[in-house]
Amino acid sequence: MINNKFFTVYIGLGSNKKNPNEQIKNAIKELEKKVKIIKQSSIYETEPVGKNSTKNFFNMVIKAKTNLSPYSLLDNLLKIEATFGRNRSKEQHWGDRVLDLDILSYNDIIMNDYRLTLPHKEMFNRIFVLEPFLEVEPHAKILNKDISKRLTILKRVKEYYIEKV
């Protein structure tokens, strides 16, 4: 815990194993023990990224307030994942996941070290993150990037490559 000051955080949730909708709903209940949820997106069903999974993922984003430091929040998210049966050391990159919890943004903090990168280093390249993010924060700008414009670009690129194949 940092102090009595509360910080705005955005957390991405994802699952594609063991009834993903239920995994996400149960994860929210666990998250509520550590953060105050302000708003949550719908759950989006999306195609997997990469070649290590064939099952669709279910993803959403929550906006919350916390007085935990970024590292304490990260540690709590990792504990929740482990409680749900996630074993990060044994899973494949871009593989199936019982639960994935990512800090997407923590206030306006910018950091990059061996444990944590803020904002999340891949969020600007993931439609499955940006779409639900915009649902909870329609006019979001992170690192001076307009999230809505970035999402539009990603969708156009995806359509271009689908048409070319």
# chains A, B, ... in the order shown; residues from 1 in each chain; ligands from 1
$ select_by_dssp --residues "segment 115-163 of chain A" --states "helix (DSSP H, G or I)" --output "JSON, numbers by chain"
{"A": [123, 124, 125, 127, 128, 129, 130, 131, 132, 133, 134, 135, 136, 147, 148, 149, 150, 151, 152, 153, 154, 155, 156, 157, 158, 159, 160, 161, 162, 163]}
$ closest_atom_pairs --of "segment 94-126 of chain A" --to "segment 22-36 of chain A" --cutoff "10 Å" --atoms "only C-alpha atoms" --output "CSV"
residue,atom,partner,partner_atom,distance
A:Val98,CA,A:Gln23,CA,7.2
A:Leu99,CA,A:Gln23,CA,6.8
A:Asp100,CA,A:Ile24,CA,9.1
A:Leu101,CA,A:Ala27,CA,8.8
$ write_last_selection --atoms "C-alpha atoms" --output "JSON list (two decimals), in the first residue's frame"
[["chain", "number", "residue", "atom", "x", "y", "z"],
["A", 98, "VAL", "CA", -7.23, -20.23, -17.52],
["A", 99, "LEU", "CA", -6.83, -16.56, -16.50],
["A", 100, "ASP", "CA", -4.69, -13.65, -17.61],
["A", 101, "LEU", "CA", -4.65, -10.40, -15.64]]
$ closest_atom_pairs --of "segment 6-104 of chain A" --to "segment 113-123 of chain A" --cutoff "9 Å" --atoms "only C-alpha atoms" --output "Markdown table"
| residue | atom | partner | partner_atom | distance |
| --- | --- | --- | --- | --- |
| A:Pro70 | CA | A:Leu116 | CA | 8.3 |
| A:Tyr71 | CA | A:Leu116 | CA | 7.7 |
| A:Leu74 | CA | A:Leu116 | CA | 8.0 |
| A:Asp102 | CA | A:His120 | CA | 7.6 |
| A:Ile103 | CA | A:His120 | CA | 6.6 |
| A:Leu104 | CA | A:His120 | CA | 4.7 |
$ write_last_selection --atoms "C-alpha atoms" --output "PDB file, in the first residue's frame"
ATOM      1  CA  PRO A  70       2.167  -0.881  -9.094  1.00  0.00           C
ATOM      2  CA  TYR A  71       4.312  -3.780  -7.814  1.00  0.00           C
ATOM      3  CA  LEU A  74       1.074  -6.854  -9.887  1.00  0.00           C
ATOM      4  CA  ASP A 102      -2.611  -7.480 -16.974  1.00  0.00           C
ATOM      5  CA  ILE A 103      -2.108  -3.967 -15.668  1.00  0.00           C
ATOM      6  CA  LEU A 104      -2.724  -1.932 -18.796  1.00  0.00           C
TER       7      LEU A 104
END
$ residues_around --residues "Asn125 of chain A" --least-positions-apart "2" --cutoff "12 Å" --atoms "only C-alpha atoms" --output "short mmCIF file (atom, residue, chain, number, x, y, z; two decimals) with C-alpha atoms, in the first residue's frame"
data_model
loop_
_atom_site.label_atom_id
_atom_site.label_comp_id
_atom_site.auth_asym_id
_atom_site.auth_seq_id
_atom_site.Cartn_x
_atom_site.Cartn_y
_atom_site.Cartn_z
CA VAL A 49 -3.28 -14.42 -31.29
CA HIS A 120 1.42 -2.36 -20.98
CA LYS A 121 3.87 -2.72 -23.86
CA GLU A 122 1.51 -4.63 -26.18
CA MET A 123 -1.78 -2.88 -25.47
CA ILE A 127 -7.74 -4.97 -30.75
CA PHE A 128 -8.97 -7.27 -27.95
CA VAL A 129 -7.58 -4.78 -25.41
CA LEU A 130 -8.37 -1.47 -27.08
CA GLU A 131 -12.02 -2.26 -27.85
CA ILE A 147 -6.87 5.00 -28.30
CA ARG A 150 -5.22 3.49 -32.80
CA LEU A 151 -8.09 0.97 -32.75
CA THR A 152 -9.33 2.22 -36.12
CA ILE A 153 -5.85 1.77 -37.61
CA LEU A 154 -5.52 -1.76 -36.22
CA LYS A 155 -8.90 -2.77 -37.62
CA VAL A 157 -4.70 -3.26 -41.06
CA LYS A 158 -6.46 -6.48 -40.06
#
$ select_by_dssp --residues "segment 50-150 of chain A" --states "strand (DSSP E)" --output "NGL selection string"
:A and (57-66 or 100-106 or 111-112 or 117-118 or 141-142 or 145-146)
$ write_last_selection --atoms "N, CA and C atoms" --output "PDB file, in the first residue's frame"
ATOM      1  N   PHE A  57     -10.683 -16.524 -27.148  1.00  0.00           N
ATOM      2  CA  PHE A  57     -10.499 -15.943 -25.828  1.00  0.00           C
ATOM      3  C   PHE A  57     -11.692 -15.072 -25.483  1.00  0.00           C
ATOM      4  N   PHE A  58     -11.901 -14.885 -24.210  1.00  0.00           N
ATOM      5  CA  PHE A  58     -12.884 -13.947 -23.698  1.00  0.00           C
ATOM      6  C   PHE A  58     -12.088 -12.887 -22.960  1.00  0.00           C
ATOM      7  N   ASN A  59     -12.309 -11.612 -23.323  1.00  0.00           N
ATOM      8  CA  ASN A  59     -11.521 -10.511 -22.779  1.00  0.00           C
ATOM      9  C   ASN A  59     -12.420  -9.377 -22.323  1.00  0.00           C
ATOM     10  N   MET A  60     -11.926  -8.648 -21.342  1.00  0.00           N
ATOM     11  CA  MET A  60     -12.606  -7.440 -20.895  1.00  0.00           C
ATOM     12  C   MET A  60     -11.596  -6.531 -20.215  1.00  0.00           C
ATOM     13  N   VAL A  61     -12.002  -5.316 -19.926  1.00  0.00           N
ATOM     14  CA  VAL A  61     -11.163  -4.337 -19.221  1.00  0.00           C
ATOM     15  C   VAL A  61     -11.980  -3.747 -18.091  1.00  0.00           C
ATOM     16  N   ILE A  62     -11.315  -3.563 -16.951  1.00  0.00           N
ATOM     17  CA  ILE A  62     -11.954  -2.842 -15.850  1.00  0.00           C
ATOM     18  C   ILE A  62     -11.154  -1.592 -15.538  1.00  0.00           C
ATOM     19  N   LYS A  63     -11.870  -0.576 -15.109  1.00  0.00           N
ATOM     20  CA  LYS A  63     -11.280   0.647 -14.573  1.00  0.00           C
ATOM     21  C   LYS A  63     -11.488   0.570 -13.077  1.00  0.00           C
ATOM     22  N   ALA A  64     -10.421   0.822 -12.315  1.00  0.00           N
ATOM     23  CA  ALA A  64     -10.523   0.688 -10.863  1.00  0.00           C
ATOM     24  C   ALA A  64      -9.686   1.753 -10.168  1.00  0.00           C
ATOM     25  N   LYS A  65      -9.904   1.865  -8.885  1.00  0.00           N
ATOM     26  CA  LYS A  65      -9.095   2.721  -8.012  1.00  0.00           C
ATOM     27  C   LYS A  65      -8.373   1.809  -7.030  1.00  0.00           C
ATOM     28  N   THR A  66      -7.131   2.147  -6.739  1.00  0.00           N
ATOM     29  CA  THR A  66      -6.358   1.362  -5.783  1.00  0.00           C
ATOM     30  C   THR A  66      -5.382   2.257  -5.035  1.00  0.00           C
ATOM     31  N   ASP A 100      -5.786 -14.585 -17.356  1.00  0.00           N
ATOM     32  CA  ASP A 100      -4.693 -13.647 -17.614  1.00  0.00           C
ATOM     33  C   ASP A 100      -5.133 -12.291 -17.099  1.00  0.00           C
ATOM     34  N   LEU A 101      -4.368 -11.728 -16.189  1.00  0.00           N
ATOM     35  CA  LEU A 101      -4.652 -10.402 -15.640  1.00  0.00           C
ATOM     36  C   LEU A 101      -3.455  -9.501 -15.924  1.00  0.00           C
ATOM     37  N   ASP A 102      -3.684  -8.404 -16.617  1.00  0.00           N
ATOM     38  CA  ASP A 102      -2.611  -7.480 -16.974  1.00  0.00           C
ATOM     39  C   ASP A 102      -2.941  -6.069 -16.528  1.00  0.00           C
ATOM     40  N   ILE A 103      -1.970  -5.400 -15.930  1.00  0.00           N
ATOM     41  CA  ILE A 103      -2.108  -3.967 -15.668  1.00  0.00           C
ATOM     42  C   ILE A 103      -1.853  -3.277 -17.000  1.00  0.00           C
ATOM     43  N   LEU A 104      -2.857  -2.615 -17.521  1.00  0.00           N
ATOM     44  CA  LEU A 104      -2.724  -1.932 -18.796  1.00  0.00           C
ATOM     45  C   LEU A 104      -2.161  -0.529 -18.599  1.00  0.00           C
ATOM     46  N   SER A 105      -2.663   0.139 -17.574  1.00  0.00           N
ATOM     47  CA  SER A 105      -2.236   1.502 -17.280  1.00  0.00           C
ATOM     48  C   SER A 105      -2.446   1.753 -15.789  1.00  0.00           C
ATOM     49  N   TYR A 106      -1.510   2.484 -15.194  1.00  0.00           N
ATOM     50  CA  TYR A 106      -1.582   2.808 -13.770  1.00  0.00           C
ATOM     51  C   TYR A 106      -1.339   4.303 -13.656  1.00  0.00           C
ATOM     52  N   MET A 111       6.902   3.317 -16.860  1.00  0.00           N
ATOM     53  CA  MET A 111       8.039   2.575 -16.313  1.00  0.00           C
ATOM     54  C   MET A 111       8.310   1.358 -17.180  1.00  0.00           C
ATOM     55  N   ASN A 112       9.543   0.885 -17.113  1.00  0.00           N
ATOM     56  CA  ASN A 112       9.925  -0.291 -17.878  1.00  0.00           C
ATOM     57  C   ASN A 112      11.103  -0.949 -17.177  1.00  0.00           C
ATOM     58  N   THR A 117       6.112  -3.242 -17.120  1.00  0.00           N
ATOM     59  CA  THR A 117       6.161  -2.149 -18.082  1.00  0.00           C
ATOM     60  C   THR A 117       4.800  -1.464 -18.073  1.00  0.00           C
ATOM     61  N   LEU A 118       4.823  -0.159 -17.862  1.00  0.00           N
ATOM     62  CA  LEU A 118       3.600   0.649 -17.854  1.00  0.00           C
ATOM     63  C   LEU A 118       3.775   1.846 -18.772  1.00  0.00           C
ATOM     64  N   LYS A 141      -6.659   8.683 -23.906  1.00  0.00           N
ATOM     65  CA  LYS A 141      -5.360   8.965 -24.520  1.00  0.00           C
ATOM     66  C   LYS A 141      -4.311   8.471 -23.543  1.00  0.00           C
ATOM     67  N   ILE A 142      -3.409   7.661 -24.046  1.00  0.00           N
ATOM     68  CA  ILE A 142      -2.313   7.158 -23.227  1.00  0.00           C
ATOM     69  C   ILE A 142      -1.032   7.398 -24.000  1.00  0.00           C
ATOM     70  N   LYS A 145      -1.362   9.040 -27.184  1.00  0.00           N
ATOM     71  CA  LYS A 145      -1.943   8.279 -28.292  1.00  0.00           C
ATOM     72  C   LYS A 145      -3.442   8.203 -28.078  1.00  0.00           C
ATOM     73  N   ASP A 146      -4.182   8.600 -29.089  1.00  0.00           N
ATOM     74  CA  ASP A 146      -5.627   8.512 -29.048  1.00  0.00           C
ATOM     75  C   ASP A 146      -6.003   7.048 -29.274  1.00  0.00           C
TER      76      ASP A 146
END
$ closest_residue --among "A:Gly14, A:Asn144, A:Lys55, A:Ser41" --to "Glu81 of chain A" --atoms "only C-alpha atoms"
A:Gly14
$ atom_distance --atom1 "atom CA of His139 of chain A" --atom2 "atom CA of Leu77 of chain A"
26.3 Å
$ closest_residue --among "A:Arg88, A:Asn21, A:Ile43, A:Asn16" --to "Phe133 of chain A" --atoms "only C-alpha atoms"
A:Ile43
$ atom_distance --atom1 "atom CA of Phe124 of chain A" --atom2 "atom CA of Lys149 of chain A"
10.5 Å
$ atom_distance --atom1 "atom CA of Lys79 of chain A" --atom2 "atom CA of Leu143 of chain A"
28.7 Å
$ closest_residue --among "A:Leu13, A:Phe6, A:Asp108, A:Thr46" --to "Ile80 of chain A" --atoms "only C-alpha atoms"
A:Leu13
$ closest_residue --among "A:Asn4, A:Gln40, A:Asn87, A:Asn56" --to "Asn19 of chain A" --atoms "only C-alpha atoms"
A:Asn56
